[in-house]
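So this one's data_31.txt, compact mmCIF, C-alpha atoms:
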```
# COMPACT_ATOMS: atom_id res chain seq x y z
CA MET A 295 14.75 24.20 15.27
CA SER A 296 17.63 25.95 13.51
CA ASP A 297 19.97 23.27 14.90
CA TYR A 298 18.57 20.89 12.36
CA ILE A 299 19.28 22.99 9.29
CA SER A 300 22.72 22.68 7.78
CA HIS A 301 22.19 22.64 4.01
CA ASP A 302 19.43 24.93 2.89
CA HIS A 303 19.48 24.46 -0.90
CA GLU A 304 15.96 25.70 -1.43
CA HIS A 305 16.38 28.71 0.88
CA ASP A 306 13.26 27.59 2.64
CA GLY A 307 14.75 26.70 5.99
CA ILE A 308 14.59 22.95 5.33
CA ASP A 309 17.39 20.54 4.55
CA ARG A 310 17.59 16.78 4.07
CA ARG A 311 19.29 16.21 7.41
CA GLY A 312 16.60 18.22 9.12
CA PHE A 313 13.97 15.98 7.59
CA LEU A 314 15.70 12.90 8.91
CA HIS A 315 15.58 14.32 12.41
CA CYS A 316 11.92 15.14 11.94
CA MET A 317 11.22 11.64 10.70
CA ALA A 318 12.74 10.28 13.88
CA TRP A 319 10.28 12.33 15.91
CA ALA A 320 7.36 10.65 14.20
CA GLY A 321 7.99 7.47 16.11
CA THR A 322 8.15 9.14 19.50
CA GLY A 323 4.69 10.60 19.80
CA LEU A 324 5.48 14.06 18.45
CA LEU A 325 4.15 15.66 15.35
CA TRP A 326 6.15 17.53 12.83
CA THR A 327 5.11 20.28 10.55
CA ILE A 328 6.82 21.80 7.57
CA SER A 329 5.26 24.94 6.27
CA GLY A 330 6.80 28.03 4.77
CA GLY A 331 10.19 27.04 6.14
CA VAL A 332 9.02 26.69 9.71
CA LEU A 333 9.59 23.40 11.45
CA ALA A 334 7.37 22.75 14.43
CA SER A 335 6.28 19.85 16.52
CA ARG A 336 3.35 19.25 18.80
CA THR A 337 0.81 16.53 19.42
CA LEU A 338 -2.80 16.50 18.37
CA ALA A 339 -3.63 16.30 22.09
CA GLN A 340 -1.70 19.52 22.75
CA ILE A 341 -3.54 21.22 19.94
CA ALA A 342 -6.85 20.01 21.37
CA LYS A 343 -5.95 21.34 24.84
CA ALA A 344 -4.90 24.73 23.54
CA GLY A 345 -8.20 24.92 21.70
CA GLU A 346 -6.78 27.29 19.16
CA PRO A 347 -8.34 27.44 15.73
CA LEU A 348 -5.58 26.61 13.26
CA LEU A 349 -7.16 27.95 10.14
CA SER A 350 -8.95 30.94 8.80
CA ALA A 351 -12.10 30.57 6.72
CA THR A 352 -10.28 30.54 3.41
CA ASP A 353 -7.74 27.91 4.45
CA LEU A 354 -8.19 24.19 4.03
CA SER A 355 -7.46 21.26 6.30
CA PHE A 356 -7.90 17.60 5.44
CA LEU A 357 -6.84 14.27 6.91
CA GLN A 358 -5.09 11.36 5.25
CA ILE A 359 -5.75 7.88 6.64
CA SER A 360 -4.26 4.79 5.06
CA ASP A 361 -3.81 1.05 5.10
CA SER A 362 -6.55 0.06 7.53
CA HIS A 363 -6.31 -3.61 6.37
CA ILE A 364 -9.66 -4.55 7.93
CA GLY A 365 -9.70 -8.35 8.23
CA PHE A 366 -6.02 -8.70 9.17
CA SER A 367 -5.77 -10.58 12.48
CA LYS A 368 -2.19 -11.81 12.74
CA GLU A 369 0.31 -11.20 15.50
CA ALA A 370 1.40 -7.77 14.25
CA ASN A 371 -2.06 -6.46 15.28
CA LYS A 372 -4.89 -8.75 16.24
CA ASP A 373 -7.46 -5.96 16.30
CA VAL A 374 -7.03 -3.63 13.34
CA THR A 375 -10.68 -2.59 13.56
CA GLU A 376 -10.03 -1.15 17.01
CA THR A 377 -6.94 0.81 15.97
CA PHE A 378 -8.87 2.16 12.98
CA ARG A 379 -11.60 3.24 15.39
CA ILE A 380 -9.00 4.98 17.60
CA ALA A 381 -7.69 6.88 14.58
CA LEU A 382 -11.22 8.11 13.86
CA ASP A 383 -11.62 9.12 17.52
CA ARG A 384 -8.51 11.28 17.14
CA ILE A 385 -10.01 12.97 14.11
CA ASN A 386 -13.27 13.58 15.97
CA ALA A 387 -11.32 15.20 18.82
CA MET A 388 -9.64 17.78 16.60
CA PRO A 389 -10.69 21.33 17.55
CA THR A 390 -10.98 22.32 13.91
CA PRO A 391 -12.55 19.38 12.08
CA PRO A 392 -10.92 18.53 8.75
CA SER A 393 -12.95 19.39 5.65
CA PHE A 394 -12.68 15.84 4.39
CA LEU A 395 -10.68 12.62 4.60
CA ILE A 396 -8.51 10.95 2.01
CA HIS A 397 -8.01 7.19 2.32
CA THR A 398 -4.95 6.09 0.40
CA GLY A 399 -5.85 2.44 0.01
CA ASP A 400 -5.74 -1.03 1.51
CA ILE A 401 -9.08 -0.49 3.17
CA THR A 402 -9.23 -4.28 3.58
CA GLN A 403 -6.82 -7.18 3.91
CA LEU A 404 -8.42 -9.54 1.37
CA SER A 405 -11.04 -7.52 -0.58
CA LYS A 406 -13.84 -9.46 1.13
CA PRO A 407 -17.30 -7.80 1.12
CA GLU A 408 -17.60 -8.35 4.88
CA GLU A 409 -14.29 -6.55 5.41
CA PHE A 410 -15.51 -3.57 3.40
CA ASP A 411 -18.76 -3.71 5.40
CA THR A 412 -16.88 -3.58 8.72
CA PHE A 413 -14.82 -0.64 7.48
CA ASP A 414 -17.93 1.28 6.43
CA GLN A 415 -19.65 0.52 9.72
CA VAL A 416 -16.72 1.87 11.78
CA LEU A 417 -16.27 4.85 9.48
CA LYS A 418 -19.80 5.96 10.39
CA SER A 419 -18.43 7.04 13.79
CA CYS A 420 -16.34 9.73 12.07
CA LYS A 421 -17.89 13.19 12.28
CA THR A 422 -16.21 14.15 9.01
CA LYS A 423 -18.44 12.55 6.40
CA ASP A 424 -16.74 13.48 3.14
CA VAL A 425 -14.19 10.77 2.23
CA PHE A 426 -12.19 10.32 -0.98
CA PHE A 427 -10.63 6.95 -1.78
CA VAL A 428 -7.96 5.40 -3.97
CA PRO A 429 -7.54 1.61 -3.95
CA GLY A 430 -4.65 -0.41 -2.59
CA GLU A 431 -3.69 -3.77 -4.06
CA HIS A 432 -5.49 -5.45 -1.15
CA ASP A 433 -8.78 -3.87 -2.27
CA VAL A 434 -8.75 -5.23 -5.82
CA LEU A 435 -7.49 -8.78 -5.26
CA ASP A 436 -9.75 -11.04 -7.29
CA ASP A 437 -12.18 -8.83 -9.19
CA GLY A 438 -9.90 -6.12 -10.62
CA GLY A 439 -11.48 -3.54 -8.31
CA LYS A 440 -15.12 -3.86 -9.46
CA PHE A 441 -16.56 -4.06 -5.95
CA TYR A 442 -14.32 -1.23 -4.74
CA ARG A 443 -15.35 1.07 -7.60
CA GLU A 444 -19.05 0.41 -7.12
CA ARG A 445 -18.86 1.35 -3.46
CA TYR A 446 -16.19 4.04 -3.07
CA LEU A 447 -16.47 6.32 -6.08
CA LYS A 448 -20.00 7.56 -5.49
CA ASN A 449 -19.10 11.20 -4.87
CA VAL A 450 -16.59 11.58 -7.70
CA GLU A 451 -16.51 11.17 -11.45
CA GLY A 452 -14.34 8.06 -11.61
CA LYS A 453 -12.62 7.43 -14.94
CA GLY A 454 -11.03 4.20 -16.21
CA ALA A 455 -9.96 2.02 -13.29
CA GLY A 456 -11.24 4.68 -10.87
CA TRP A 457 -9.04 7.76 -11.09
CA TYR A 458 -10.51 11.26 -10.73
CA SER A 459 -9.86 14.85 -9.74
CA PHE A 460 -11.72 17.57 -7.84
CA ASN A 461 -11.17 21.10 -6.56
CA LYS A 462 -11.43 22.44 -3.00
CA ASN A 463 -10.61 25.98 -1.90
CA GLY A 464 -8.50 26.58 -4.99
CA VAL A 465 -6.48 23.38 -4.52
CA HIS A 466 -6.63 20.77 -7.30
CA PHE A 467 -6.78 17.19 -5.99
CA ILE A 468 -5.93 14.18 -8.16
CA GLY A 469 -6.64 10.58 -7.05
CA LEU A 470 -4.64 8.03 -9.04
CA VAL A 471 -4.79 4.22 -9.29
CA ASN A 472 -1.45 2.41 -9.46
CA VAL A 473 -2.32 -1.07 -8.20
CA LEU A 474 -3.96 -2.68 -11.24
CA ASN A 475 -2.63 -4.56 -14.28
CA LEU A 476 0.79 -4.88 -12.69
CA GLN A 477 3.45 -6.52 -14.85
CA ALA A 478 5.67 -9.46 -13.86
CA GLY A 479 8.88 -8.22 -12.27
CA GLY A 480 7.59 -4.66 -12.13
CA LEU A 481 6.38 -2.01 -9.70
CA GLY A 482 3.17 -0.07 -9.24
CA GLN A 483 1.83 1.23 -12.53
CA LEU A 484 -0.41 4.03 -13.77
CA GLY A 485 -0.68 3.02 -17.42
CA ASP A 486 -1.05 5.01 -20.65
CA GLU A 487 -4.78 5.68 -20.40
CA GLN A 488 -4.49 7.20 -16.93
CA LEU A 489 -1.40 9.23 -17.85
CA GLU A 490 -3.13 10.69 -20.90
CA TRP A 491 -6.09 11.61 -18.73
CA LEU A 492 -3.75 13.27 -16.22
CA GLU A 493 -2.04 15.33 -18.90
CA ALA A 494 -5.42 16.61 -20.10
CA ASP A 495 -6.73 17.11 -16.56
CA VAL A 496 -4.05 19.63 -15.58
CA LYS A 497 -3.57 21.22 -18.99
CA ASN A 498 -5.75 24.26 -18.40
CA LEU A 499 -4.78 24.91 -14.78
CA GLY A 500 -2.70 27.95 -13.88
CA SER A 501 0.81 27.11 -12.66
CA SER A 502 0.09 28.73 -9.30
CA THR A 503 -2.70 26.24 -8.55
CA PRO A 504 -1.61 24.07 -5.61
CA ILE A 505 -1.74 20.40 -6.62
CA VAL A 506 -2.30 17.44 -4.30
CA VAL A 507 -1.81 13.99 -5.84
CA PHE A 508 -2.75 10.90 -3.87
CA ALA A 509 -2.27 7.24 -4.74
CA HIS A 510 -1.58 4.04 -2.82
CA ILE A 511 1.90 2.94 -3.88
CA PRO A 512 4.55 5.68 -3.59
CA LEU A 513 5.03 7.73 -6.75
CA TRP A 514 8.75 7.91 -6.05
CA ALA A 515 11.33 5.13 -5.88
CA VAL A 516 11.29 4.50 -2.12
CA TYR A 517 12.75 0.99 -2.42
CA PRO A 518 12.17 -0.74 -5.75
CA GLN A 519 13.67 -4.01 -4.43
CA TRP A 520 10.51 -4.35 -2.35
CA GLY A 521 8.26 -3.01 -5.09
CA TRP A 522 7.97 0.34 -3.31
CA GLY A 523 7.72 2.59 -6.33
CA THR A 524 5.71 3.20 -9.50
CA SER A 525 7.29 2.38 -12.86
CA ASP A 526 5.78 5.26 -14.84
CA SER A 527 5.52 7.90 -12.11
CA GLU A 528 8.21 10.05 -13.77
CA ARG A 529 5.89 10.67 -16.69
CA ALA A 530 3.09 11.72 -14.34
CA LEU A 531 5.40 14.10 -12.49
CA GLY A 532 6.54 15.55 -15.82
CA TYR A 533 3.00 16.85 -16.38
CA LEU A 534 3.13 18.52 -12.94
CA LYS A 535 6.58 20.08 -13.24
CA ARG A 536 5.39 23.59 -14.07
CA PHE A 537 3.29 23.90 -10.92
CA GLY A 538 4.63 25.89 -7.99
CA SER A 539 3.36 23.54 -5.29
CA VAL A 540 2.82 19.80 -5.68
CA THR A 541 2.15 17.55 -2.68
CA VAL A 542 2.19 13.79 -3.30
CA LEU A 543 0.53 11.66 -0.61
CA ASN A 544 0.96 7.88 -0.59
CA GLY A 545 0.43 4.90 1.70
CA HIS A 546 1.45 1.27 1.15
CA ILE A 547 4.70 1.26 3.15
CA HIS A 548 3.16 1.80 6.61
CA GLN A 549 5.67 4.39 7.78
CA VAL A 550 6.43 8.08 7.39
CA LEU A 551 8.98 8.97 4.75
CA GLN A 552 9.38 12.28 3.00
CA LYS A 553 11.36 13.63 0.11
CA VAL A 554 11.41 17.08 -1.46
CA GLU A 555 12.40 17.55 -5.09
CA GLY A 556 12.09 21.09 -6.38
CA ASN A 557 8.47 22.11 -5.86
CA VAL A 558 7.31 18.57 -5.20
CA THR A 559 6.92 17.17 -1.70
CA PHE A 560 6.51 13.39 -1.50
CA HIS A 561 5.08 11.99 1.70
CA THR A 562 4.01 8.54 2.88
CA ALA A 563 1.62 7.98 5.78
CA MET A 564 1.54 5.51 8.62
CA SER A 565 -1.00 2.68 8.60
CA THR A 566 -3.78 2.37 11.16
CA ALA A 567 -3.21 -1.43 11.19
CA PHE A 568 0.42 -2.49 11.54
CA PRO A 569 3.91 -1.13 10.85
CA GLN A 570 6.27 -2.39 8.16
CA PRO A 571 10.06 -2.43 8.36
CA ALA A 572 12.22 0.43 7.13
CA PRO A 573 13.46 -0.20 3.57
CA GLY A 574 15.93 -3.09 3.43
CA THR A 575 16.04 -3.74 7.18
CA ALA A 576 14.20 -7.10 7.06
CA PRO A 577 14.08 -10.13 4.75
CA SER A 578 10.75 -8.90 3.37
CA PRO A 579 8.30 -6.00 3.75
CA GLY A 580 5.75 -8.14 5.62
CA PRO A 581 3.93 -6.94 8.76
CA MET A 582 6.41 -5.94 11.49
CA LYS A 583 5.81 -7.38 14.95
CA VAL A 584 6.60 -4.96 17.78
CA PRO A 585 5.93 -5.14 21.54
CA ALA A 586 2.24 -4.49 22.26
CA GLU A 587 3.02 -1.29 24.18
CA LYS A 588 4.89 0.10 21.19
CA LEU A 589 2.35 -0.71 18.48
CA ARG A 590 0.23 2.42 18.65
CA SER A 591 3.30 4.66 18.45
CA LEU A 592 3.89 3.23 14.96
CA LEU A 593 0.32 3.65 13.72
CA GLY A 594 -1.18 6.99 12.83
CA LEU A 595 -2.64 9.48 10.44
CA THR A 596 -1.58 12.56 8.53
CA SER A 597 -3.07 16.03 8.68
CA VAL A 598 -2.56 18.41 5.77
CA GLN A 599 -3.21 22.12 5.85
CA TYR A 600 -3.25 24.63 3.06
CA LYS A 601 -2.95 28.26 4.02
CA GLN A 602 -3.66 30.77 1.29
CA GLY A 603 -0.59 32.74 0.40
CA LYS A 604 1.82 30.01 1.53
CA THR A 605 3.46 27.91 -1.14
CA ALA A 606 3.96 24.60 0.63
CA LEU A 607 1.21 22.67 2.32
CA ALA A 608 1.83 21.73 5.95
CA VAL A 609 1.98 17.98 6.43
CA VAL A 610 1.68 16.79 10.02
CA ASP A 611 1.93 13.17 11.12
CA SER A 612 0.56 12.00 14.44
CA ASN A 613 0.64 8.52 15.93
CA LEU A 614 -2.01 6.76 17.98
CA SER A 615 -0.10 6.63 21.29
CA MET B 94 -1.58 -27.11 -16.71
CA ILE B 95 -5.26 -26.80 -16.10
CA THR B 96 -6.70 -28.94 -13.30
CA ILE B 97 -7.12 -26.90 -10.13
CA THR B 98 -7.63 -28.30 -6.67
CA ARG B 99 -7.31 -26.50 -3.38
CA LYS B 100 -6.92 -28.80 -0.39
CA ASN B 101 -6.32 -27.21 2.94
CA LYS B 102 -5.77 -30.60 4.54
CA MET B 103 -3.25 -31.59 1.92
CA ALA B 104 -0.30 -30.48 4.07
CA ALA B 105 -1.09 -33.04 6.77
CA LEU B 106 -1.51 -35.78 4.18
CA LEU B 107 1.73 -34.88 2.46
CA CYS B 108 3.61 -34.89 5.76
CA ALA B 109 2.31 -38.40 6.46
CA ILE B 110 3.39 -39.60 3.03
CA ALA B 111 6.75 -37.92 3.36
CA PHE B 112 7.32 -39.64 6.69
CA LEU B 113 6.92 -43.00 4.98
CA ASN B 114 9.10 -42.08 2.05
CA LEU B 115 11.76 -39.65 3.22
CA SER B 116 14.06 -40.44 0.32
CA LEU B 117 11.88 -38.40 -2.00
CA PHE B 118 13.00 -35.23 -0.24
CA ALA B 119 16.35 -35.76 -1.90
CA ARG B 120 14.81 -34.18 -4.99
CA GLY B 121 13.89 -30.82 -3.54
CA GLY B 122 10.19 -30.19 -3.00
CA GLU B 123 9.12 -33.29 -4.84
CA MET B 124 6.84 -35.88 -3.23
CA LYS B 125 4.44 -38.60 -4.31
CA ASN B 126 0.76 -37.97 -4.11
CA ALA B 127 -1.78 -40.60 -2.98
CA ASP B 128 -2.64 -41.37 -6.60
CA GLY B 129 1.01 -41.89 -7.51
CA ALA B 130 1.47 -38.60 -9.40
CA LYS B 131 4.47 -36.51 -8.38
CA GLN B 132 3.64 -33.72 -5.95
CA ASN B 133 5.91 -30.72 -6.29
CA LYS B 134 5.72 -28.07 -3.62
CA ILE B 135 6.61 -24.39 -3.90
CA GLU B 136 6.67 -22.48 -0.65
CA ILE B 137 5.89 -18.77 -0.64
CA LYS B 138 7.86 -17.10 2.12
CA ASP B 139 9.30 -13.62 2.62
CA PHE B 140 7.74 -12.46 -0.65
CA ALA B 141 9.54 -15.10 -2.73
CA PHE B 142 8.78 -18.42 -4.44
CA ASN B 143 10.97 -21.21 -3.15
CA PRO B 144 12.27 -22.91 -5.19
CA LYS B 145 12.21 -20.09 -7.71
CA THR B 146 12.60 -22.57 -10.59
CA ILE B 147 11.18 -26.07 -10.42
CA THR B 148 11.43 -28.87 -13.00
CA VAL B 149 8.52 -31.30 -13.19
CA LYS B 150 7.15 -34.00 -15.49
CA SER B 151 4.08 -33.46 -17.59
CA GLY B 152 1.12 -34.71 -15.56
CA ASP B 153 2.76 -33.92 -12.20
CA LYS B 154 0.96 -31.76 -9.71
CA VAL B 155 2.49 -28.45 -8.59
CA THR B 156 1.29 -26.96 -5.32
CA TRP B 157 2.06 -23.54 -3.86
CA ILE B 158 1.55 -22.85 -0.18
CA ASN B 159 1.61 -19.33 1.23
CA ARG B 160 3.64 -19.05 4.45
CA ASP B 161 3.53 -15.22 4.54
CA GLU B 162 1.11 -13.01 6.43
CA GLU B 163 0.41 -11.29 3.13
CA PRO B 164 -1.93 -12.54 0.41
CA HIS B 165 -0.19 -13.71 -2.76
CA THR B 166 -1.38 -14.90 -6.14
CA ILE B 167 -0.03 -17.21 -8.84
CA VAL B 168 -0.48 -15.76 -12.32
CA SER B 169 1.01 -17.15 -15.54
CA VAL B 170 2.83 -14.37 -17.41
CA GLU B 171 1.54 -15.63 -20.77
CA LYS B 172 -1.81 -16.72 -19.31
CA GLN B 173 -0.84 -20.35 -19.97
CA PHE B 174 -2.65 -21.66 -16.91
CA LYS B 175 -5.54 -20.46 -14.82
CA LYS B 176 -4.57 -17.92 -12.17
CA SER B 177 -5.14 -18.51 -8.49
CA THR B 178 -7.37 -16.43 -6.32
CA ALA B 179 -5.56 -14.53 -3.55
CA LEU B 180 -4.04 -17.05 -1.13
CA ASP B 181 -4.17 -16.10 2.52
CA THR B 182 -1.71 -17.51 5.07
CA ASP B 183 -1.35 -21.30 4.79
CA GLN B 184 -3.68 -21.55 1.80
CA GLU B 185 -2.66 -23.70 -1.15
CA PHE B 186 -3.12 -23.69 -4.89
CA THR B 187 -2.49 -26.69 -7.13
CA ILE B 188 -2.21 -27.15 -10.86
CA THR B 189 -1.38 -30.19 -13.00
CA ALA B 190 1.57 -29.66 -15.29
CA GLY B 191 0.52 -29.79 -18.94
CA ALA B 192 2.54 -29.76 -22.15
CA PRO B 193 6.35 -29.66 -21.89
CA GLY B 194 7.75 -26.15 -21.91
CA THR B 195 8.86 -23.28 -19.68
CA TYR B 196 6.16 -21.45 -17.78
CA THR B 197 6.91 -18.20 -15.99
CA TYR B 198 4.56 -16.85 -13.38
CA PHE B 199 4.36 -14.01 -10.86
CA CYS B 200 2.34 -12.67 -7.96
CA SER B 201 -0.03 -10.03 -9.34
CA VAL B 202 -0.18 -8.37 -5.89
CA HIS B 203 3.62 -8.14 -5.56
CA PRO B 204 4.87 -8.36 -9.15
CA LYS B 205 8.52 -8.39 -8.06
CA MET B 206 7.83 -12.01 -7.08
CA THR B 207 8.45 -14.25 -10.08
CA GLY B 208 9.03 -17.97 -10.61
CA THR B 209 9.47 -20.56 -13.35
CA ILE B 210 8.13 -24.06 -13.93
CA VAL B 211 10.00 -26.21 -16.43
CA VAL B 212 7.78 -29.06 -17.61
CA GLU B 213 9.56 -32.07 -19.11
CA LYS B 214 8.07 -35.03 -20.99
```

How does this structure look as structure tokens?
Amino acid sequence: MSDYISHDHEHDGIDRRGFLHCMAWAGTGLLWTISGGVLASRTLAQIAKAGEPLLSATDLSFLQISDSHIGFSKEANKDVTETFRIALDRINAMPTPPSFLIHTGDITQLSKPEEFDTFDQVLKSCKTKDVFFVPGEHDVLDDGGKFYRERYLKNVEGKGAGWYSFNKNGVHFIGLVNVLNLQAGGLGQLGDEQLEWLEADVKNLGSSTPIVVFAHIPLWAVYPQWGWGTSDSERALGYLKRFGSVTVLNGHIHQVLQKVEGNVTFHTAMSTAFPQPAPGTAPSPGPMKVPAEKLRSLLGLTSVQYKQGKTALAVVDSNLS
Amino acid sequence: MITITRKNKMAALLCAIAFLNLSLFARGGEMKNADGAKQNKIEIKDFAFNPKTITVKSGDKVTWINRDEEPHTIVSVEKQFKKSTALDTDQEFTITAGAPGTYTYFCSVHPKMTGTIVVEK
């Protein structure tokens, strides 16, 4: 792996160029892991075969799934329910089951009750029952998210438009909503009320507490020309600056991208429904049509592991090939 | 700009009318409706309103049609006309232009998408 490291600014064995190489792997059926300066790649299938337990009792493993778009039936993927089901099968096959799932939004294509119903029905096949949600813009289309909030915030104390936090194994998780009350010409938005809540939420936490923030639209400027960013995310990140480890997990853009800034790792997940083009490579960010045999290599999920004593969380993407 | 109608079969009708009166295409997306009112069409494609700015007469109809595989909405920035529900592929939304003035609107799902309607007397 050392071939990939040429500029190690953080003295952690990782450089920007190395990340780009790793990102390329994501589309070829390999996984990549970044943890404590060690880069590694293997597939979920390989892990399953080896049968090795990855974690000790005090560690934490969870899964991020995103952008299932149940109800979408266009050429880019005519059966998104099936690919969502396959993603859940992969989770069920993991030798060490994740503690819980995080769904980073766009559960449905058009916010229709029957689409939510189908999602819930398929989700029942997942052995991991604990699921935390944040909404995507497709989940709040005509009712401002009322239906979504009534159904998907049952196990959390949702505030405002549905944001919340919780703690697991010493890690502080924060679910944010950045898809409502969007302004003409603008990007994703958190809004003053949510930002004030966030400031208060983390105020009394020790700086060594690992933080995981998850929201639908990226909290970094991936490609503002396509709306891939959040206008007031800088303010949110300002409140998290003093923490030694911050992991930001987003969806929305249907592809793996990663950026590291100081102690903050930004990461976007693949969709389980259809891929979208790389920033600026198409006239618009609409669903990307690929040959049928290639589709599942561009869909996937993200596994995240926290090992006590390690600063950075390990973020591992795997596709559905 | 209040009256709302959503007619999925409108496209076929408009095509038939256009065939009989091709000269009207000379003025951009403007066509005549069955009742004689001007029918102005805005196509939504590749996450953009086309034309981005349209000039119409008070009383004209303005219709958006979504040609993307993404849902889009039509929302007046100043809440000057009723917003659309989310339009799926090939769905339409129509308003009747009201008082003269400039009306800006956007897609509340993809707020980078903005457009303008100029209503003349």

Just the number, please: distance in Å from atom CA of Pro144 of chain B to atom CA of Met582 of chain A, one decimal. 24.5 Å

Show me, as a VMD selection string, every residue of chain A with an atom at most 9 Å from chain B, counting all atoms listed in the file. chain A and resid 366 368 403 to 404 431 to 432 435 to 436 473 to 482 518 to 521 577 to 581

Would you put the residues from that selection into a file with C-alpha atoms, as a PDB file, in the frame of the given file?
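Saved file again.pdb follows:
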```pdb
ATOM      1  CA  PHE A 366      -6.020  -8.700   9.170  1.00  0.00           C
ATOM      2  CA  LYS A 368      -2.190 -11.810  12.740  1.00  0.00           C
ATOM      3  CA  GLN A 403      -6.820  -7.180   3.910  1.00  0.00           C
ATOM      4  CA  LEU A 404      -8.420  -9.540   1.370  1.00  0.00           C
ATOM      5  CA  GLU A 431      -3.690  -3.770  -4.060  1.00  0.00           C
ATOM      6  CA  HIS A 432      -5.490  -5.450  -1.150  1.00  0.00           C
ATOM      7  CA  LEU A 435      -7.490  -8.780  -5.260  1.00  0.00           C
ATOM      8  CA  ASP A 436      -9.750 -11.040  -7.290  1.00  0.00           C
ATOM      9  CA  VAL A 473      -2.320  -1.070  -8.200  1.00  0.00           C
ATOM     10  CA  LEU A 474      -3.960  -2.680 -11.240  1.00  0.00           C
ATOM     11  CA  ASN A 475      -2.630  -4.560 -14.280  1.00  0.00           C
ATOM     12  CA  LEU A 476       0.790  -4.880 -12.690  1.00  0.00           C
ATOM     13  CA  GLN A 477       3.450  -6.520 -14.850  1.00  0.00           C
ATOM     14  CA  ALA A 478       5.670  -9.460 -13.860  1.00  0.00           C
ATOM     15  CA  GLY A 479       8.880  -8.220 -12.270  1.00  0.00           C
ATOM     16  CA  GLY A 480       7.590  -4.660 -12.130  1.00  0.00           C
ATOM     17  CA  LEU A 481       6.380  -2.010  -9.700  1.00  0.00           C
ATOM     18  CA  GLY A 482       3.170  -0.070  -9.240  1.00  0.00           C
ATOM     19  CA  PRO A 518      12.170  -0.740  -5.750  1.00  0.00           C
ATOM     20  CA  GLN A 519      13.670  -4.010  -4.430  1.00  0.00           C
ATOM     21  CA  TRP A 520      10.510  -4.350  -2.350  1.00  0.00           C
ATOM     22  CA  GLY A 521       8.260  -3.010  -5.090  1.00  0.00           C
ATOM     23  CA  PRO A 577      14.080 -10.130   4.750  1.00  0.00           C
ATOM     24  CA  SER A 578      10.750  -8.900   3.370  1.00  0.00           C
ATOM     25  CA  PRO A 579       8.300  -6.000   3.750  1.00  0.00           C
ATOM     26  CA  GLY A 580       5.750  -8.140   5.620  1.00  0.00           C
ATOM     27  CA  PRO A 581       3.930  -6.940   8.760  1.00  0.00           C
TER      28      PRO A 581
END
```

Atom pair atom CA of Phe142 of chain B + atom CA of Gly399 of chain A, distance 25.9 Å

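Put simply, atom CA of Gly365 of chain A is 8.6 Å away from atom CA of Glu408 of chain A.
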
Quick one: of A:Ile364, A:Ile396, A:Val450, A:Met388, who's nearest to Asp411 of chain A, counting only C-alpha atoms? A:Ile364

Box in all listed atoms of segment 159-167 of chain B, axis-aligned, with 3 Å more on each side; write out centre and edge lengths in Å to one decimal as AutoDock Vina command-line options.
```
--center_x 0.9 --center_y -15.3 --center_z -1.2 --size_x 11.6 --size_y 14.0 --size_z 21.3
```

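Using all atoms listed in the file, the smallest distance between any of A:Val598, A:Ala576, A:Leu354, A:Ile468 and Ile505 of chain A comes from A:Ile468.
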
Give as an mmCIF file with C-alpha atoms, in the frame of the given file each residue that has an atom at most 12 Å from (3.5, 0.1, 22.6) in the file, counting all atoms listed in the file.
```
data_model
loop_
_atom_site.group_PDB
_atom_site.id
_atom_site.type_symbol
_atom_site.label_atom_id
_atom_site.label_comp_id
_atom_site.auth_asym_id
_atom_site.auth_seq_id
_atom_site.Cartn_x
_atom_site.Cartn_y
_atom_site.Cartn_z
ATOM 1 C CA GLY A 321 7.990 7.470 16.110
ATOM 2 C CA THR A 322 8.150 9.140 19.500
ATOM 3 C CA GLY A 323 4.690 10.600 19.800
ATOM 4 C CA ALA A 370 1.400 -7.770 14.250
ATOM 5 C CA ASN A 371 -2.060 -6.460 15.280
ATOM 6 C CA PHE A 568 0.420 -2.490 11.540
ATOM 7 C CA PRO A 569 3.910 -1.130 10.850
ATOM 8 C CA LYS A 583 5.810 -7.380 14.950
ATOM 9 C CA VAL A 584 6.600 -4.960 17.780
ATOM 10 C CA PRO A 585 5.930 -5.140 21.540
ATOM 11 C CA ALA A 586 2.240 -4.490 22.260
ATOM 12 C CA GLU A 587 3.020 -1.290 24.180
ATOM 13 C CA LYS A 588 4.890 0.100 21.190
ATOM 14 C CA LEU A 589 2.350 -0.710 18.480
ATOM 15 C CA ARG A 590 0.230 2.420 18.650
ATOM 16 C CA SER A 591 3.300 4.660 18.450
ATOM 17 C CA LEU A 592 3.890 3.230 14.960
ATOM 18 C CA LEU A 593 0.320 3.650 13.720
ATOM 19 C CA ASN A 613 0.640 8.520 15.930
ATOM 20 C CA LEU A 614 -2.010 6.760 17.980
ATOM 21 C CA SER A 615 -0.100 6.630 21.290
#
```
